[in-house]
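Colleague: Provided below: start_36.pdb, containing PDB, C-alpha atoms.
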ATOM      1  CA  MET U   1       0.000   0.000   0.000
ATOM      2  CA  MET U   2       1.376   3.384  -1.037
ATOM      3  CA  ASP U   3       2.604   5.604   1.809
ATOM      4  CA  ILE U   4       3.671   9.224   2.352
ATOM      5  CA  ARG U   5       7.332   8.299   1.755
ATOM      6  CA  GLN U   6       6.535   6.978  -1.740
ATOM      7  CA  LEU U   7       4.526  10.118  -2.530
ATOM      8  CA  ARG U   8       7.562  12.225  -1.695
ATOM      9  CA  TYR U   9       9.688  10.003  -3.952
ATOM     10  CA  PHE U  10       7.251  10.490  -6.823
ATOM     11  CA  ILE U  11       7.141  14.273  -6.367
ATOM     12  CA  ALA U  12      10.946  14.383  -6.639
ATOM     13  CA  ILE U  13      10.904  12.203  -9.793
ATOM     14  CA  VAL U  14       8.300  14.435 -11.476
ATOM     15  CA  GLU U  15      10.070  17.685 -10.554
ATOM     16  CA  GLU U  16      13.618  16.511 -11.387
ATOM     17  CA  ARG U  17      12.557  14.586 -14.542
ATOM     18  CA  LYS U  18      15.456  12.167 -14.023
ATOM     19  CA  ILE U  19      15.723   9.210 -11.651
ATOM     20  CA  SER U  20      19.381  10.051 -10.967
ATOM     21  CA  ALA U  21      18.616  13.695 -10.116
ATOM     22  CA  ALA U  22      15.639  12.694  -7.951
ATOM     23  CA  ALA U  23      17.795  10.116  -6.108
ATOM     24  CA  LYS U  24      20.432  12.762  -5.445
ATOM     25  CA  ARG U  25      17.788  15.182  -4.125
ATOM     26  CA  LEU U  26      16.431  12.435  -1.848
ATOM     27  CA  HIS U  27      19.913  11.383  -0.659
ATOM     28  CA  MET U  28      19.451   7.804  -1.832
ATOM     29  CA  SER U  29      20.877   5.584  -4.565
ATOM     30  CA  GLN U  30      19.206   5.247  -7.944
ATOM     31  CA  PRO U  31      18.206   1.513  -8.015
ATOM     32  CA  PRO U  32      15.966   1.597  -4.888
ATOM     33  CA  LEU U  33      14.184   4.698  -6.243
ATOM     34  CA  SER U  34      13.557   2.983  -9.607
ATOM     35  CA  GLN U  35      12.156  -0.015  -7.687
ATOM     36  CA  GLN U  36       9.822   2.266  -5.705
ATOM     37  CA  LEU U  37       8.514   3.827  -8.936
ATOM     38  CA  LYS U  38       7.844   0.376 -10.425
ATOM     39  CA  ALA U  39       6.092  -0.689  -7.193
ATOM     40  CA  MET U  40       3.784   2.353  -7.358
ATOM     41  CA  GLU U  41       2.962   1.724 -11.009
ATOM     42  CA  LYS U  42       2.216  -1.937 -10.272
ATOM     43  CA  GLU U  43      -0.025  -1.065  -7.312
ATOM     44  CA  LEU U  44      -1.950   1.569  -9.273
ATOM     45  CA  GLY U  45      -2.032  -0.438 -12.494
ATOM     46  CA  SER U  46      -0.986   2.614 -14.504
ATOM     47  CA  LYS U  47       2.137   3.949 -16.157
ATOM     48  CA  LEU U  48       3.096   7.092 -14.238
ATOM     49  CA  VAL U  49       6.054   8.384 -16.280
ATOM     50  CA  GLU U  50       7.411   7.778 -19.767
ATOM     51  CA  ARG U  51      10.913   8.311 -21.075
ATOM     52  CA  SER U  52      11.288  11.094 -23.641
ATOM     53  CA  GLY U  53      14.919  11.378 -24.681
ATOM     54  CA  LYS U  54      17.054  12.093 -21.598
ATOM     55  CA  TYR U  55      14.060  13.083 -19.478
ATOM     56  CA  LEU U  56      10.911  11.569 -17.998
ATOM     57  CA  GLU U  57       7.487  12.890 -18.971
ATOM     58  CA  VAL U  58       4.488  12.535 -16.681
ATOM     59  CA  THR U  59       1.506  10.566 -17.988
ATOM     60  CA  GLU U  60      -2.076  11.666 -17.398
ATOM     61  CA  ALA U  61      -2.335   9.174 -14.531
ATOM     62  CA  GLY U  62       1.003  10.368 -13.155
ATOM     63  CA  ASN U  63      -0.148  13.976 -13.312
ATOM     64  CA  ALA U  64      -3.237  13.102 -11.244
ATOM     65  CA  LEU U  65      -1.035  11.345  -8.686
ATOM     66  CA  TYR U  66       1.425  14.271  -8.592
ATOM     67  CA  LYS U  67      -1.347  16.827  -7.967
ATOM     68  CA  ASN U  68      -2.807  14.813  -5.090
ATOM     69  CA  ALA U  69       0.626  13.931  -3.705
ATOM     70  CA  LEU U  70       1.422  17.646  -3.366
ATOM     71  CA  GLU U  71      -1.824  18.269  -1.468
ATOM     72  CA  ILE U  72      -1.367  15.225   0.785
ATOM     73  CA  THR U  73       2.246  15.996   1.720
ATOM     74  CA  GLN U  74       1.401  19.648   2.366
ATOM     75  CA  LEU U  75      -1.507  18.602   4.579
ATOM     76  CA  MET U  76       0.818  16.222   6.448
ATOM     77  CA  GLU U  77       3.295  19.035   7.079
ATOM     78  CA  GLU U  78       0.527  21.399   8.233
ATOM     79  CA  THR U  79      -0.876  18.673  10.504
ATOM     80  CA  LYS U  80       2.546  18.022  11.994
ATOM     81  CA  THR U  81       3.064  21.749  12.629
ATOM     82  CA  GLU U  82      -0.400  22.149  14.151
ATOM     83  CA  VAL U  83       0.003  19.141  16.451
ATOM     84  CA  MET U  84       3.391  20.433  17.614
ATOM     85  CA  GLU U  85       1.909  23.890  18.268
ATOM     86  CA  VAL U  86      -0.997  22.402  20.223
ATOM     87  CA  GLY U  87       1.511  20.393  22.253
ATOM     88  CA  LYS U  88       3.359  23.603  23.082
ATOM     89  CA  GLY U  89       0.133  25.511  23.835
ATOM     90  CA  VAL U  90       0.746  27.922  20.946
ATOM     91  CA  ASN U  91      -2.315  26.604  19.126
ATOM     92  CA  GLY U  92      -5.468  24.871  20.361
ATOM     93  CA  ARG U  93      -8.476  25.774  22.486
ATOM     94  CA  LEU U  94      -8.944  27.061  26.028
ATOM     95  CA  THR U  95     -12.171  25.785  27.600
ATOM     96  CA  ILE U  96     -13.105  27.481  30.850
ATOM     97  CA  GLY U  97     -16.192  27.814  33.019
ATOM     98  CA  VAL U  98     -16.920  31.047  34.850
ATOM     99  CA  ASN U  99     -19.183  31.511  37.858
ATOM    100  CA  THR U 100     -22.379  33.511  37.318
ATOM    101  CA  PHE U 101     -20.876  36.390  39.289
ATOM    102  CA  SER U 102     -17.713  36.284  37.184
ATOM    103  CA  VAL U 103     -14.423  37.236  38.783
ATOM    104  CA  SER U 104     -12.641  40.538  39.076
ATOM    105  CA  GLY U 105      -9.708  40.834  36.697
ATOM    106  CA  LEU U 106     -10.672  37.968  34.364
ATOM    107  CA  PRO U 107     -10.793  40.196  31.236
ATOM    108  CA  GLU U 108      -7.247  41.381  32.002
ATOM    109  CA  VAL U 109      -6.051  37.779  32.424
ATOM    110  CA  LEU U 110      -7.614  36.735  29.110
ATOM    111  CA  GLU U 111      -6.198  39.794  27.352
ATOM    112  CA  LYS U 112      -2.687  38.942  28.566
ATOM    113  CA  PHE U 113      -3.191  35.297  27.590
ATOM    114  CA  GLN U 114      -4.373  36.274  24.103
ATOM    115  CA  THR U 115      -1.382  38.563  23.631
ATOM    116  CA  GLN U 116       0.993  35.694  24.386
ATOM    117  CA  PHE U 117      -0.996  33.016  22.523
ATOM    118  CA  PRO U 118      -2.864  34.725  19.659
ATOM    119  CA  LYS U 119      -3.720  31.456  17.843
ATOM    120  CA  ILE U 120      -5.730  30.018  20.758
ATOM    121  CA  THR U 121      -9.532  29.922  20.424
ATOM    122  CA  TYR U 122     -11.903  29.986  23.416
ATOM    123  CA  LYS U 123     -14.943  28.313  24.879
ATOM    124  CA  ILE U 124     -16.137  30.292  27.918
ATOM    125  CA  GLN U 125     -19.204  28.919  29.692
ATOM    126  CA  GLN U 126     -21.015  30.723  32.502
ATOM    127  CA  ASN U 127     -22.981  28.934  35.208
ATOM    128  CA  GLU U 128     -23.425  28.330  38.925
ATOM    129  CA  SER U 129     -20.335  26.997  40.707
ATOM    130  CA  SER U 130     -21.821  23.559  41.475
ATOM    131  CA  HIS U 131     -22.801  23.084  37.837
ATOM    132  CA  LEU U 132     -19.347  24.194  36.703
ATOM    133  CA  CYS U 133     -17.835  21.437  38.853
ATOM    134  CA  GLN U 134     -19.937  18.910  36.936
ATOM    135  CA  LEU U 135     -18.871  20.406  33.594
ATOM    136  CA  VAL U 136     -15.236  19.887  34.619
ATOM    137  CA  ARG U 137     -15.983  16.302  35.731
ATOM    138  CA  ASP U 138     -17.671  15.649  32.373
ATOM    139  CA  ARG U 139     -14.667  17.253  30.612
ATOM    140  CA  ILE U 140     -16.869  19.763  28.824
ATOM    141  CA  VAL U 141     -14.513  22.429  30.152
ATOM    142  CA  GLU U 142     -10.981  21.877  31.481
ATOM    143  CA  LEU U 143     -10.884  24.732  33.970
ATOM    144  CA  ALA U 144     -13.495  26.575  36.021
ATOM    145  CA  ILE U 145     -13.473  29.663  38.215
ATOM    146  CA  ILE U 146     -15.847  28.976  41.081
ATOM    147  CA  ARG U 147     -16.954  30.339  44.433
ATOM    148  CA  LEU U 148     -16.285  28.305  47.531
ATOM    149  CA  PRO U 149     -17.151  26.462  49.701
ATOM    150  CA  LEU U 150     -18.013  23.395  47.654
ATOM    151  CA  PRO U 151     -16.987  19.713  47.941
ATOM    152  CA  LEU U 152     -13.822  19.562  45.841
ATOM    153  CA  ASP U 153     -12.344  16.098  46.441
ATOM    154  CA  ASP U 154     -12.153  15.430  42.692
ATOM    155  CA  PHE U 155     -10.292  18.640  41.906
ATOM    156  CA  SER U 156      -7.020  20.455  42.154
ATOM    157  CA  VAL U 157      -7.704  23.975  43.462
ATOM    158  CA  LEU U 158      -5.804  27.206  43.004
ATOM    159  CA  HIS U 159      -7.035  29.855  45.435
ATOM    160  CA  LEU U 160      -7.393  33.184  43.642
ATOM    161  CA  CYS U 161      -8.785  35.664  46.154
ATOM    162  CA  ASN U 162     -11.096  36.440  49.049
ATOM    163  CA  GLU U 163     -13.516  39.313  48.624
ATOM    164  CA  PRO U 164     -15.859  41.136  51.019
ATOM    165  CA  PHE U 165     -19.637  41.349  50.694
ATOM    166  CA  TYR U 166     -21.747  44.506  50.501
ATOM    167  CA  PHE U 167     -25.277  45.381  51.532
ATOM    168  CA  ILE U 168     -26.877  47.277  48.622
ATOM    169  CA  THR U 169     -29.999  49.426  48.581
ATOM    170  CA  SER U 170     -31.657  51.913  46.257
ATOM    171  CA  LYS U 171     -30.703  55.587  46.412
ATOM    172  CA  GLU U 172     -34.142  56.266  47.919
ATOM    173  CA  HIS U 173     -33.382  54.054  50.907
ATOM    174  CA  PRO U 174     -32.217  55.750  54.137
ATOM    175  CA  SER U 175     -28.414  55.784  54.274
ATOM    176  CA  PHE U 176     -26.152  53.981  56.770
ATOM    177  CA  ASP U 177     -22.575  54.226  57.893
ATOM    178  CA  GLU U 178     -19.926  53.015  55.445
ATOM    179  CA  GLU U 179     -19.814  49.654  57.251
ATOM    180  CA  ILE U 180     -22.865  47.760  58.437
ATOM    181  CA  SER U 181     -23.474  44.662  60.581
ATOM    182  CA  LEU U 182     -25.722  41.682  59.872
ATOM    183  CA  THR U 183     -27.777  42.642  62.909
ATOM    184  CA  GLU U 184     -28.654  45.953  61.230
ATOM    185  CA  ILE U 185     -29.418  44.193  57.947
ATOM    186  CA  GLN U 186     -31.632  41.333  59.164
ATOM    187  CA  HIS U 187     -34.905  43.305  59.266
ATOM    188  CA  HIS U 188     -34.584  44.741  55.746
ATOM    189  CA  PRO U 189     -36.367  42.848  52.950
ATOM    190  CA  LEU U 190     -33.603  40.971  51.118
ATOM    191  CA  LEU U 191     -33.518  39.612  47.593
ATOM    192  CA  PHE U 192     -30.793  36.985  47.615
ATOM    193  CA  PRO U 193     -28.531  36.494  44.605
ATOM    194  CA  SER U 194     -28.002  32.934  43.368
ATOM    195  CA  THR U 195     -30.287  30.017  44.174
ATOM    196  CA  GLU U 196     -31.075  28.362  47.505
ATOM    197  CA  GLY U 197     -28.441  25.847  48.541
ATOM    198  CA  LEU U 198     -25.830  27.104  46.100
ATOM    199  CA  GLY U 199     -22.688  29.207  46.433
ATOM    200  CA  VAL U 200     -23.306  32.779  47.509
ATOM    201  CA  HIS U 201     -26.830  32.042  48.788
ATOM    202  CA  TYR U 202     -25.379  29.439  51.166
ATOM    203  CA  LEU U 203     -22.550  31.724  52.320
ATOM    204  CA  ILE U 204     -24.932  34.540  53.261
ATOM    205  CA  LEU U 205     -27.380  32.283  55.135
ATOM    206  CA  GLU U 206     -24.518  30.574  56.942
ATOM    207  CA  ALA U 207     -23.196  33.949  58.134
ATOM    208  CA  PHE U 208     -26.601  34.939  59.558
ATOM    209  CA  SER U 209     -26.931  31.509  61.166
ATOM    210  CA  ARG U 210     -23.557  31.845  62.939
ATOM    211  CA  PHE U 211     -24.851  34.968  64.690
ATOM    212  CA  LYS U 212     -28.255  33.350  65.348
ATOM    213  CA  LEU U 213     -29.989  35.968  63.179
ATOM    214  CA  GLN U 214     -33.054  35.520  60.965
ATOM    215  CA  PRO U 215     -32.836  37.543  57.743
ATOM    216  CA  THR U 216     -36.005  38.812  56.077
ATOM    217  CA  ILE U 217     -35.835  37.057  52.712
ATOM    218  CA  VAL U 218     -38.389  38.161  50.115
ATOM    219  CA  GLY U 219     -36.952  36.071  47.320
ATOM    220  CA  GLU U 220     -33.955  35.045  45.255
ATOM    221  CA  CYS U 221     -32.805  36.065  41.807
ATOM    222  CA  SER U 222     -30.057  34.363  39.807
ATOM    223  CA  ASP U 223     -30.306  36.937  36.990
ATOM    224  CA  ILE U 224     -27.873  39.520  38.351
ATOM    225  CA  SER U 225     -28.816  42.322  35.938
ATOM    226  CA  LEU U 226     -32.450  41.955  37.001
ATOM    227  CA  LEU U 227     -31.448  41.822  40.670
ATOM    228  CA  MET U 228     -29.581  45.122  40.315
ATOM    229  CA  ASP U 229     -32.581  46.646  38.522
ATOM    230  CA  LEU U 230     -34.914  45.536  41.322
ATOM    231  CA  VAL U 231     -32.601  46.889  44.037
ATOM    232  CA  SER U 232     -32.225  50.251  42.283
ATOM    233  CA  ALA U 233     -36.049  50.396  41.921
ATOM    234  CA  ASP U 234     -36.321  49.919  45.729
ATOM    235  CA  PHE U 235     -38.084  46.546  45.342
ATOM    236  CA  ALA U 236     -35.721  45.074  47.970
ATOM    237  CA  ALA U 237     -32.172  45.286  49.248
ATOM    238  CA  SER U 238     -29.544  42.618  48.622
ATOM    239  CA  ILE U 239     -26.159  41.286  49.702
ATOM    240  CA  VAL U 240     -23.594  40.812  46.946
ATOM    241  CA  PRO U 241     -19.852  40.133  46.579
ATOM    242  CA  GLU U 242     -17.598  43.066  45.727
ATOM    243  CA  THR U 243     -17.067  41.833  42.147
ATOM    244  CA  LEU U 244     -20.647  42.757  41.278
ATOM    245  CA  LEU U 245     -20.113  46.362  42.302
ATOM    246  CA  HIS U 246     -17.219  46.570  39.827
ATOM    247  CA  ARG U 247     -19.228  44.898  37.082
ATOM    248  CA  PHE U 248     -22.333  47.035  37.558
ATOM    249  CA  ARG U 249     -20.839  50.468  38.080
ATOM    250  CA  GLY U 250     -23.253  53.320  37.450
ATOM    251  CA  TYR U 251     -26.353  51.709  38.960
ATOM    252  CA  PRO U 252     -28.300  54.102  41.229
ATOM    253  CA  ILE U 253     -27.603  52.163  44.424
ATOM    254  CA  ASN U 254     -25.905  52.667  47.764
ATOM    255  CA  ALA U 255     -23.353  50.051  48.840
ATOM    256  CA  TYR U 256     -22.215  49.420  52.424
ATOM    257  CA  ARG U 257     -19.422  47.036  53.258
ATOM    258  CA  ILE U 258     -20.540  44.328  55.684
ATOM    259  CA  SER U 259     -18.465  44.390  58.853
ATOM    260  CA  SER U 260     -15.355  42.225  58.691
ATOM    261  CA  SER U 261     -16.227  40.828  62.125
ATOM    262  CA  THR U 262     -19.008  38.795  60.468
ATOM    263  CA  GLU U 263     -16.371  36.865  58.472
ATOM    264  CA  LEU U 264     -18.678  37.011  55.446
ATOM    265  CA  THR U 265     -16.201  36.790  52.590
ATOM    266  CA  GLY U 266     -16.279  34.985  49.279
ATOM    267  CA  SER U 267     -13.410  32.716  48.349
ATOM    268  CA  VAL U 268     -12.769  32.330  44.622
ATOM    269  CA  GLY U 269     -10.761  29.456  43.170
ATOM    270  CA  LEU U 270      -9.678  27.942  39.882
ATOM    271  CA  ILE U 271     -10.299  24.193  39.623
ATOM    272  CA  TRP U 272      -9.375  21.321  37.307
ATOM    273  CA  LEU U 273      -9.642  17.533  37.553
ATOM    274  CA  LYS U 274      -7.102  15.739  39.706
ATOM    275  CA  ASP U 275      -4.961  13.135  37.943
ATOM    276  CA  HIS U 276      -5.984  14.544  34.556
ATOM    277  CA  SER U 277      -3.471  15.601  31.939
ATOM    278  CA  LEU U 278      -4.229  19.252  31.181
ATOM    279  CA  SER U 279      -3.757  20.689  27.701
ATOM    280  CA  LYS U 280      -0.773  22.980  27.336
ATOM    281  CA  ALA U 281      -3.197  25.867  26.724
ATOM    282  CA  ALA U 282      -4.800  25.237  30.138
ATOM    283  CA  GLN U 283      -1.374  24.952  31.785
ATOM    284  CA  ASN U 284      -0.313  28.271  30.259
ATOM    285  CA  PHE U 285      -3.536  29.927  31.495
ATOM    286  CA  ILE U 286      -2.889  28.698  35.048
ATOM    287  CA  GLU U 287       0.618  30.163  34.933
ATOM    288  CA  ILE U 288      -0.672  33.541  33.738
ATOM    289  CA  ILE U 289      -3.532  33.830  36.236
ATOM    290  CA  GLN U 290      -1.053  33.242  39.073
ATOM    291  CA  THR U 291       0.922  36.319  38.019
ATOM    292  CA  ILE U 292      -2.010  38.766  38.102
TER     293      ILE U 292
END
Take the structure in the file and give it back as structure tokens.
Modeller:
Amino acid sequence: MMDIRQLRYFIAIVEERKISAAAKRLHMSQPPLSQQLKAMEKELGSKLVERSGKYLEVTEAGNALYKNALEITQLMEETKTEVMEVGKGVNGRLTIGVNTFSVSGLPEVLEKFQTQFPKITYKIQQNESSHLCQLVRDRIVELAIIRLPLPLDDFSVLHLCNEPFYFITSKEHPSFDEEISLTEIQHHPLLFPSTEGLGVHYLILEAFSRFKLQPTIVGECSDISLLMDLVSADFAASIVPETLLHRFRGYPINAYRISSSTELTGSVGLIWLKDHSLSKAAQNFIEIIQTI
């Protein structure tokens, strides 16, 4: 069966028009090259070249083989280059999940990554942290930026940051000091971000529970743009991580940092599967995010 090596032999024969010249170009002796040509003609059942004086002329069948041989060998070279680039992380795809609340500084990280690796393409999927963990387990994404705490026995975890939480109200709401306690907050109607039992929702309830306080919860809203609209319309107040204040600058709201004594902070981490060979693109992303 004809192989890529024989195609390269035939290309040299066609372009040099002499077996001796082709053999010299290929750094081989003439008899084995003549044997290879005969083997190809026998396999294909067609004469590929004909002698015309001192030179070889390509037959119609040989011309068809030559044209396809050029395309095949070029594709092989391009494939080899692409595979090597993917192996080095120069080429390929970065697949990453991002928590619904996003993470401060992610656009800057991706911009730096793109500058260093301009050939990389991206799949960025947004969801709740618990669902992102499942996407990593199912290998739909390689990496995920999530909010803790969550059970993470299956994962390697890179801690990225801790961030404070803020009590937010509409501009029409009576103002407070710059810092506020959970005791002061508990009687205000609260619209919780996220969904019951998940991520941020759990963190906030757990903080109230530690101080034996009962918050006044009027509902929950996982659509953060809508939540901010409802707060600014004085529908309810809310408690959100600092990242959201950066993402939704310009909203007509007041924001008060929740007292550090409550220990209500959000921990953000980057996760990937333990004992799983990461793509070079993912490895390069991890290196970059650690520097910012």
Colleague: With only C-alpha atoms as the atoms that count, which of U:Ser259, U:Thr115, U:Ser222, U:Thr216 lies nearest to Val90 of chain U?
Modeller: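 Selected residue with least distance to Val90 of chain U: U:Thr115.
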Colleague: Evaluate the PyMOL selection byres ((chain U and resi 146-154) around 7) against this structure - the residues, as a PyMOL selection string, please.
Modeller: chain U and resi 98-99+129+144-145+155+199+266-270+273-274
Colleague: Identify, on the basis of all atoms listed in the file, every residue whose closest approach to Phe192 of chain U does not exceed 8 Å; exclude the query and any residue fewer than 6 positions from it along the same chain; express the result as a ChimeraX atom specification.
Modeller: /U:201,217,219-221,238-239
Colleague: Take the residues from that selection and put them in a file with C-alpha atoms, as a CSV table (one decimal), in the coordinates of the input.
Modeller:
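This went into selection04.csv:
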chain,number,residue,atom,x,y,z
U,201,HIS,CA,-26.8,32.0,48.8
U,217,ILE,CA,-35.8,37.1,52.7
U,219,GLY,CA,-37.0,36.1,47.3
U,220,GLU,CA,-34.0,35.0,45.3
U,221,CYS,CA,-32.8,36.1,41.8
U,238,SER,CA,-29.5,42.6,48.6
U,239,ILE,CA,-26.2,41.3,49.7
Colleague: Closest to His246 of chain U among U:Leu70, U:Ala61, U:Pro164, U:Ser104, using all atoms listed in the file?
Modeller: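 Of the candidates, the smallest distance to His246 of chain U is held by U:Ser104.
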Colleague: Got a sec: who's within 10 Å of Ile96 of chain U, counting all atoms listed in the file, leaving out chain neighbours fewer than 2 positions off, as a ChimeraX atom specification?
Modeller: /U:93-94,98,122-126,132,135-136,140-145,270-272,282,285
Colleague: Calculated over all atoms listed in the file, which of the candidates U:Phe10, U:Ile19, U:Tyr256, U:Pro215 has the smallest distance to Ser175 of chain U?
Modeller: U:Tyr256
Colleague: Let me know the residues the PyMOL selection byres ((chain U and resi 243) around 10) catches in the file above, as a ChimeraX atom specification.
Modeller: /U:101-105,163-166,240-242,244-248,266
Colleague: What would the selection look like, as a count of residues only, if the PyMOL selection byres ((chain U and resi 284) around 10) were run on the coordinates I just shared?
Modeller: 18
Colleague: To one decimal in Å, tell me the separation between atom CA of Pro107 of chain U and atom CA of Asn127 of chain U.
Modeller: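 Distance between the two atoms: 17.1 Å.
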Colleague: Tell me, in Å to one decimal, how far atom CA of Ile180 of chain U is from atom CA of Arg257 of chain U.
Modeller: 6.3 Å
Colleague: Could you add the missing atoms to segment 275-287 of chain U, up to N, CA and C atoms, and return them as a PDB file, keeping the file's coordinate frame?
Modeller:
ATOM      1  N   ASP U 275      -5.448  14.283  38.719  1.00  0.00           N
ATOM      2  CA  ASP U 275      -4.961  13.135  37.943  1.00  0.00           C
ATOM      3  C   ASP U 275      -5.421  13.168  36.493  1.00  0.00           C
ATOM      4  N   HIS U 276      -5.592  14.389  35.963  1.00  0.00           N
ATOM      5  CA  HIS U 276      -5.984  14.544  34.556  1.00  0.00           C
ATOM      6  C   HIS U 276      -4.919  15.364  33.851  1.00  0.00           C
ATOM      7  N   SER U 277      -4.501  14.896  32.701  1.00  0.00           N
ATOM      8  CA  SER U 277      -3.471  15.601  31.939  1.00  0.00           C
ATOM      9  C   SER U 277      -4.086  16.827  31.263  1.00  0.00           C
ATOM     10  N   LEU U 278      -3.694  18.005  31.740  1.00  0.00           N
ATOM     11  CA  LEU U 278      -4.229  19.252  31.181  1.00  0.00           C
ATOM     12  C   LEU U 278      -3.573  19.570  29.847  1.00  0.00           C
ATOM     13  N   SER U 279      -4.344  20.201  28.947  1.00  0.00           N
ATOM     14  CA  SER U 279      -3.757  20.689  27.701  1.00  0.00           C
ATOM     15  C   SER U 279      -2.723  21.756  28.030  1.00  0.00           C
ATOM     16  N   LYS U 280      -1.794  21.960  27.122  1.00  0.00           N
ATOM     17  CA  LYS U 280      -0.773  22.980  27.336  1.00  0.00           C
ATOM     18  C   LYS U 280      -1.406  24.359  27.413  1.00  0.00           C
ATOM     19  N   ALA U 281      -2.495  24.578  26.668  1.00  0.00           N
ATOM     20  CA  ALA U 281      -3.197  25.867  26.724  1.00  0.00           C
ATOM     21  C   ALA U 281      -3.707  26.126  28.141  1.00  0.00           C
ATOM     22  N   ALA U 282      -4.297  25.097  28.767  1.00  0.00           N
ATOM     23  CA  ALA U 282      -4.800  25.237  30.138  1.00  0.00           C
ATOM     24  C   ALA U 282      -3.643  25.474  31.110  1.00  0.00           C
ATOM     25  N   GLN U 283      -2.543  24.755  30.922  1.00  0.00           N
ATOM     26  CA  GLN U 283      -1.374  24.952  31.785  1.00  0.00           C
ATOM     27  C   GLN U 283      -0.842  26.382  31.680  1.00  0.00           C
ATOM     28  N   ASN U 284      -0.795  26.899  30.460  1.00  0.00           N
ATOM     29  CA  ASN U 284      -0.313  28.271  30.259  1.00  0.00           C
ATOM     30  C   ASN U 284      -1.246  29.291  30.914  1.00  0.00           C
ATOM     31  N   PHE U 285      -2.572  29.020  30.861  1.00  0.00           N
ATOM     32  CA  PHE U 285      -3.536  29.927  31.495  1.00  0.00           C
ATOM     33  C   PHE U 285      -3.332  29.951  33.007  1.00  0.00           C
ATOM     34  N   ILE U 286      -3.115  28.774  33.599  1.00  0.00           N
ATOM     35  CA  ILE U 286      -2.889  28.698  35.048  1.00  0.00           C
ATOM     36  C   ILE U 286      -1.659  29.518  35.434  1.00  0.00           C
ATOM     37  N   GLU U 287      -0.611  29.395  34.645  1.00  0.00           N
ATOM     38  CA  GLU U 287       0.618  30.163  34.933  1.00  0.00           C
ATOM     39  C   GLU U 287       0.360  31.657  34.883  1.00  0.00           C
TER      40      GLU U 287
END
